[in-house]
Amino acid sequence: MSYRQWYAQLDVFDTIRRYTALLSRWTTDAPNRERLFVADFYLVNPPLLHKTQMTSAARKAFNSLGVPKPENTFVQLPSPTLLYNKMAGIQSEALHNLIGRGLCEVDAADKGIYRLSGEGIKFSVGLAQSLVLPREEGVLRFLTNEFSTVGIGKGGLRAATGLRRIGV
């Protein structure tokens with residue numbers, strides 16, 4: 001019997017679950033595509049948040065979560081930029097599925113922002129406990145509160161995270 005390693009970063013269905021979790025808890029204005037993709041990237045790879053620039057208040061909130069640094073984790077992750085670009089196709093496909101299944105507001109998506117539709121809210125409520133994994137809870141709260149404002153203004157999100165999609 002042969003086994004295959006599963007990576008949450010490269011799974012469309014898990015990405016849809018993470019998007020639903022992020023959008024159901026988002027506290028500021030609805031995120032644009034780039035911010036949603038970056039938040040999802042850090043939800044599935046929380047140790048890489050150590051490599052971002054953030055305000056001292058956001059850094060304090062993040063450090064209180066006790067997320068290990070990348071060099072102290074069992075799984076050795078590639079560079080954030082490489083992994084972010086590797087996830088590009090999966091993230092786009094997951095977002096298209098979310099919109100296509102009516103879980104996101106189409107009018108908002110046409111304007112470049114993403115929020116759950118009425119069906120999306122029902123879907124997130126229906127998933128209840130399986131929507132957010134226990135180990136994701138603190139990071140999800142951080143991403144949808146403190147981190148949701150990182151990179152707004154001078155320099156932007158790309159400067160704060162160093163993440164940039166090839167061809168975008």
# chains A, B, ... in the order shown; residues from 1 in each chain; ligands from 1

call {"tool": "residues_around", "arguments": {"residues": "His96 of chain A", "least_positions_apart": "4", "cutoff": "12 Å", "atoms": "only C-alpha atoms", "output": "number ranges by chain"}}
result
A: 12-13, 15-16, 19, 33, 89-92, 100-106, 109-110, 114

call {"tool": "closest_atom_pairs", "arguments": {"of": "segment 11-109 of chain A", "to": "segment 123-139 of chain A", "cutoff": "7 Å", "atoms": "only C-alpha atoms", "output": "Markdown table"}}
result
| residue | atom | partner | partner_atom | distance |
| --- | --- | --- | --- | --- |
| A:Arg17 | CA | A:Leu131 | CA | 6.3 |
| A:Thr20 | CA | A:Ser124 | CA | 6.4 |
| A:Ala21 | CA | A:Leu131 | CA | 6.1 |
| A:Ser24 | CA | A:Ser124 | CA | 7.0 |
| A:Leu43 | CA | A:Val139 | CA | 6.4 |
| A:Pro46 | CA | A:Val139 | CA | 7.0 |
| A:Leu65 | CA | A:Gly138 | CA | 6.4 |

call {"tool": "select_by_dssp", "arguments": {"residues": "chain A", "states": "strand (DSSP E or B)", "output": "VMD selection string"}}
result
chain A and resid 32 104 113 116

call {"tool": "select_by_dssp", "arguments": {"residues": "segment 33-134 of chain A", "states": "helix (DSSP H, G or I)", "output": "VMD selection string"}}
result
chain A and resid 33 to 44 46 to 51 56 to 63 70 to 72 80 to 86 88 to 100 106 to 110 118 to 130 134

call {"tool": "write_last_selection", "arguments": {"atoms": "C-alpha atoms", "output": "mmCIF file, in the first residue's frame"}}
result
data_model
loop_
_atom_site.group_PDB
_atom_site.id
_atom_site.type_symbol
_atom_site.label_atom_id
_atom_site.label_comp_id
_atom_site.auth_asym_id
_atom_site.auth_seq_id
_atom_site.Cartn_x
_atom_site.Cartn_y
_atom_site.Cartn_z
ATOM 1 C CA ARG A 33 -9.052 39.240 -2.962
ATOM 2 C CA GLU A 34 -5.423 39.855 -1.987
ATOM 3 C CA ARG A 35 -6.207 40.311 1.717
ATOM 4 C CA LEU A 36 -8.398 37.182 1.764
ATOM 5 C CA PHE A 37 -5.659 35.139 0.077
ATOM 6 C CA VAL A 38 -3.000 36.440 2.476
ATOM 7 C CA ALA A 39 -5.193 35.814 5.541
ATOM 8 C CA ASP A 40 -5.867 32.265 4.308
ATOM 9 C CA PHE A 41 -2.141 31.747 3.708
ATOM 10 C CA TYR A 42 -1.359 32.659 7.305
ATOM 11 C CA LEU A 43 -4.296 30.689 8.714
ATOM 12 C CA VAL A 44 -2.866 27.512 7.218
ATOM 13 C CA PRO A 46 0.702 30.430 11.215
ATOM 14 C CA PRO A 47 4.444 30.113 12.007
ATOM 15 C CA LEU A 48 5.170 32.290 8.969
ATOM 16 C CA LEU A 49 3.394 35.230 10.649
ATOM 17 C CA HIS A 50 6.635 35.701 12.605
ATOM 18 C CA LYS A 51 8.210 36.946 9.350
ATOM 19 C CA SER A 56 3.474 46.602 18.151
ATOM 20 C CA ALA A 57 -0.094 46.006 19.375
ATOM 21 C CA ALA A 58 -0.680 43.389 16.675
ATOM 22 C CA ARG A 59 2.712 41.778 17.402
ATOM 23 C CA LYS A 60 1.882 41.613 21.112
ATOM 24 C CA ALA A 61 -1.480 39.961 20.351
ATOM 25 C CA PHE A 62 0.210 37.497 17.990
ATOM 26 C CA ASN A 63 2.988 36.622 20.440
ATOM 27 C CA PRO A 70 9.182 28.383 11.623
ATOM 28 C CA GLU A 71 12.609 27.078 12.620
ATOM 29 C CA ASN A 72 11.078 25.481 15.743
ATOM 30 C CA PRO A 80 6.715 32.254 2.307
ATOM 31 C CA THR A 81 6.833 33.676 -1.238
ATOM 32 C CA LEU A 82 7.359 30.263 -2.824
ATOM 33 C CA LEU A 83 4.563 28.641 -0.821
ATOM 34 C CA TYR A 84 2.197 31.586 -1.415
ATOM 35 C CA ASN A 85 2.710 31.272 -5.174
ATOM 36 C CA LYS A 86 2.302 27.484 -5.011
ATOM 37 C CA ALA A 88 -2.287 30.513 -6.045
ATOM 38 C CA GLY A 89 -4.249 28.117 -8.248
ATOM 39 C CA ILE A 90 -5.878 26.354 -5.306
ATOM 40 C CA GLN A 91 -6.923 29.643 -3.694
ATOM 41 C CA SER A 92 -8.403 30.973 -6.941
ATOM 42 C CA GLU A 93 -10.293 27.742 -7.615
ATOM 43 C CA ALA A 94 -11.663 27.690 -4.064
ATOM 44 C CA LEU A 95 -12.845 31.298 -4.345
ATOM 45 C CA HIS A 96 -14.540 30.585 -7.693
ATOM 46 C CA ASN A 97 -16.304 27.588 -6.111
ATOM 47 C CA LEU A 98 -17.418 29.682 -3.141
ATOM 48 C CA ILE A 99 -18.911 32.302 -5.463
ATOM 49 C CA GLY A 100 -20.295 29.746 -7.924
ATOM 50 C CA VAL A 106 -21.888 38.049 -6.193
ATOM 51 C CA ASP A 107 -22.455 41.830 -6.267
ATOM 52 C CA ALA A 108 -19.729 42.355 -3.665
ATOM 53 C CA ALA A 109 -17.371 39.982 -5.517
ATOM 54 C CA ASP A 110 -17.945 41.968 -8.725
ATOM 55 C CA GLY A 118 -27.190 34.421 3.257
ATOM 56 C CA GLU A 119 -26.513 30.879 2.011
ATOM 57 C CA GLY A 120 -22.872 31.215 3.032
ATOM 58 C CA ILE A 121 -23.874 32.238 6.546
ATOM 59 C CA LYS A 122 -26.254 29.247 6.773
ATOM 60 C CA PHE A 123 -23.430 27.023 5.510
ATOM 61 C CA SER A 124 -21.003 28.338 8.146
ATOM 62 C CA VAL A 125 -23.570 27.915 10.928
ATOM 63 C CA GLY A 126 -24.355 24.409 9.665
ATOM 64 C CA LEU A 127 -20.714 23.399 9.886
ATOM 65 C CA ALA A 128 -20.667 24.569 13.515
ATOM 66 C CA GLN A 129 -17.737 22.933 15.342
ATOM 67 C CA SER A 130 -16.105 21.499 12.204
ATOM 68 C CA PRO A 134 -9.242 23.877 17.691
#

call {"tool": "decode", "arguments": {"residues": "segment 70-150 of chain A", "atoms": "C-alpha atoms", "output": "PDB file, in the first residue's frame"}}
result
ATOM      1  CA  PRO A  70       9.182  28.383  11.623  1.00  0.00           C
ATOM      2  CA  GLU A  71      12.609  27.078  12.620  1.00  0.00           C
ATOM      3  CA  ASN A  72      11.078  25.481  15.743  1.00  0.00           C
ATOM      4  CA  THR A  73       8.373  23.498  13.945  1.00  0.00           C
ATOM      5  CA  PHE A  74       8.503  19.850  12.937  1.00  0.00           C
ATOM      6  CA  VAL A  75       7.544  20.524   9.329  1.00  0.00           C
ATOM      7  CA  GLN A  76      10.082  22.614   7.464  1.00  0.00           C
ATOM      8  CA  LEU A  77       8.199  25.127   5.337  1.00  0.00           C
ATOM      9  CA  PRO A  78       9.606  26.612   2.130  1.00  0.00           C
ATOM     10  CA  SER A  79       9.991  30.366   1.806  1.00  0.00           C
ATOM     11  CA  PRO A  80       6.715  32.254   2.307  1.00  0.00           C
ATOM     12  CA  THR A  81       6.833  33.676  -1.238  1.00  0.00           C
ATOM     13  CA  LEU A  82       7.359  30.263  -2.824  1.00  0.00           C
ATOM     14  CA  LEU A  83       4.563  28.641  -0.821  1.00  0.00           C
ATOM     15  CA  TYR A  84       2.197  31.586  -1.415  1.00  0.00           C
ATOM     16  CA  ASN A  85       2.710  31.272  -5.174  1.00  0.00           C
ATOM     17  CA  LYS A  86       2.302  27.484  -5.011  1.00  0.00           C
ATOM     18  CA  MET A  87      -1.114  28.023  -3.364  1.00  0.00           C
ATOM     19  CA  ALA A  88      -2.287  30.513  -6.045  1.00  0.00           C
ATOM     20  CA  GLY A  89      -4.249  28.117  -8.248  1.00  0.00           C
ATOM     21  CA  ILE A  90      -5.878  26.354  -5.306  1.00  0.00           C
ATOM     22  CA  GLN A  91      -6.923  29.643  -3.694  1.00  0.00           C
ATOM     23  CA  SER A  92      -8.403  30.973  -6.941  1.00  0.00           C
ATOM     24  CA  GLU A  93     -10.293  27.742  -7.615  1.00  0.00           C
ATOM     25  CA  ALA A  94     -11.663  27.690  -4.064  1.00  0.00           C
ATOM     26  CA  LEU A  95     -12.845  31.298  -4.345  1.00  0.00           C
ATOM     27  CA  HIS A  96     -14.540  30.585  -7.693  1.00  0.00           C
ATOM     28  CA  ASN A  97     -16.304  27.588  -6.111  1.00  0.00           C
ATOM     29  CA  LEU A  98     -17.418  29.682  -3.141  1.00  0.00           C
ATOM     30  CA  ILE A  99     -18.911  32.302  -5.463  1.00  0.00           C
ATOM     31  CA  GLY A 100     -20.295  29.746  -7.924  1.00  0.00           C
ATOM     32  CA  ARG A 101     -22.129  27.859  -5.199  1.00  0.00           C
ATOM     33  CA  GLY A 102     -23.741  31.076  -3.981  1.00  0.00           C
ATOM     34  CA  LEU A 103     -21.868  31.184  -0.676  1.00  0.00           C
ATOM     35  CA  CYS A 104     -20.412  34.645  -1.404  1.00  0.00           C
ATOM     36  CA  GLU A 105     -22.316  37.770  -2.420  1.00  0.00           C
ATOM     37  CA  VAL A 106     -21.888  38.049  -6.193  1.00  0.00           C
ATOM     38  CA  ASP A 107     -22.455  41.830  -6.267  1.00  0.00           C
ATOM     39  CA  ALA A 108     -19.729  42.355  -3.665  1.00  0.00           C
ATOM     40  CA  ALA A 109     -17.371  39.982  -5.517  1.00  0.00           C
ATOM     41  CA  ASP A 110     -17.945  41.968  -8.725  1.00  0.00           C
ATOM     42  CA  LYS A 111     -16.705  45.024  -6.797  1.00  0.00           C
ATOM     43  CA  GLY A 112     -13.607  43.134  -5.633  1.00  0.00           C
ATOM     44  CA  ILE A 113     -14.642  42.488  -2.029  1.00  0.00           C
ATOM     45  CA  TYR A 114     -15.778  39.237  -0.476  1.00  0.00           C
ATOM     46  CA  ARG A 115     -18.416  38.521   2.134  1.00  0.00           C
ATOM     47  CA  LEU A 116     -20.648  35.554   2.805  1.00  0.00           C
ATOM     48  CA  SER A 117     -24.130  35.546   1.298  1.00  0.00           C
ATOM     49  CA  GLY A 118     -27.190  34.421   3.257  1.00  0.00           C
ATOM     50  CA  GLU A 119     -26.513  30.879   2.011  1.00  0.00           C
ATOM     51  CA  GLY A 120     -22.872  31.215   3.032  1.00  0.00           C
ATOM     52  CA  ILE A 121     -23.874  32.238   6.546  1.00  0.00           C
ATOM     53  CA  LYS A 122     -26.254  29.247   6.773  1.00  0.00           C
ATOM     54  CA  PHE A 123     -23.430  27.023   5.510  1.00  0.00           C
ATOM     55  CA  SER A 124     -21.003  28.338   8.146  1.00  0.00           C
ATOM     56  CA  VAL A 125     -23.570  27.915  10.928  1.00  0.00           C
ATOM     57  CA  GLY A 126     -24.355  24.409   9.665  1.00  0.00           C
ATOM     58  CA  LEU A 127     -20.714  23.399   9.886  1.00  0.00           C
ATOM     59  CA  ALA A 128     -20.667  24.569  13.515  1.00  0.00           C
ATOM     60  CA  GLN A 129     -17.737  22.933  15.342  1.00  0.00           C
ATOM     61  CA  SER A 130     -16.105  21.499  12.204  1.00  0.00           C
ATOM     62  CA  LEU A 131     -15.698  24.930  10.570  1.00  0.00           C
ATOM     63  CA  VAL A 132     -12.750  25.968  12.752  1.00  0.00           C
ATOM     64  CA  LEU A 133     -10.241  23.446  14.028  1.00  0.00           C
ATOM     65  CA  PRO A 134      -9.242  23.877  17.691  1.00  0.00           C
ATOM     66  CA  ARG A 135      -5.631  24.739  16.789  1.00  0.00           C
ATOM     67  CA  GLU A 136      -6.867  27.423  14.356  1.00  0.00           C
ATOM     68  CA  GLU A 137      -9.118  29.315  16.769  1.00  0.00           C
ATOM     69  CA  GLY A 138      -6.548  31.758  18.185  1.00  0.00           C
ATOM     70  CA  VAL A 139      -4.877  32.451  14.845  1.00  0.00           C
ATOM     71  CA  LEU A 140      -8.273  32.942  13.169  1.00  0.00           C
ATOM     72  CA  ARG A 141      -9.279  35.456  15.838  1.00  0.00           C
ATOM     73  CA  PHE A 142      -5.962  37.282  15.377  1.00  0.00           C
ATOM     74  CA  LEU A 143      -6.235  37.342  11.567  1.00  0.00           C
ATOM     75  CA  THR A 144      -9.813  38.624  11.540  1.00  0.00           C
ATOM     76  CA  ASN A 145      -9.197  41.278  14.194  1.00  0.00           C
ATOM     77  CA  GLU A 146      -5.656  42.658  14.600  1.00  0.00           C
ATOM     78  CA  PHE A 147      -4.137  41.443  11.318  1.00  0.00           C
ATOM     79  CA  SER A 148      -7.091  42.580   9.207  1.00  0.00           C
ATOM     80  CA  THR A 149      -5.746  46.147   9.384  1.00  0.00           C
ATOM     81  CA  VAL A 150      -2.035  45.353   8.869  1.00  0.00           C
TER      82      VAL A 150
END
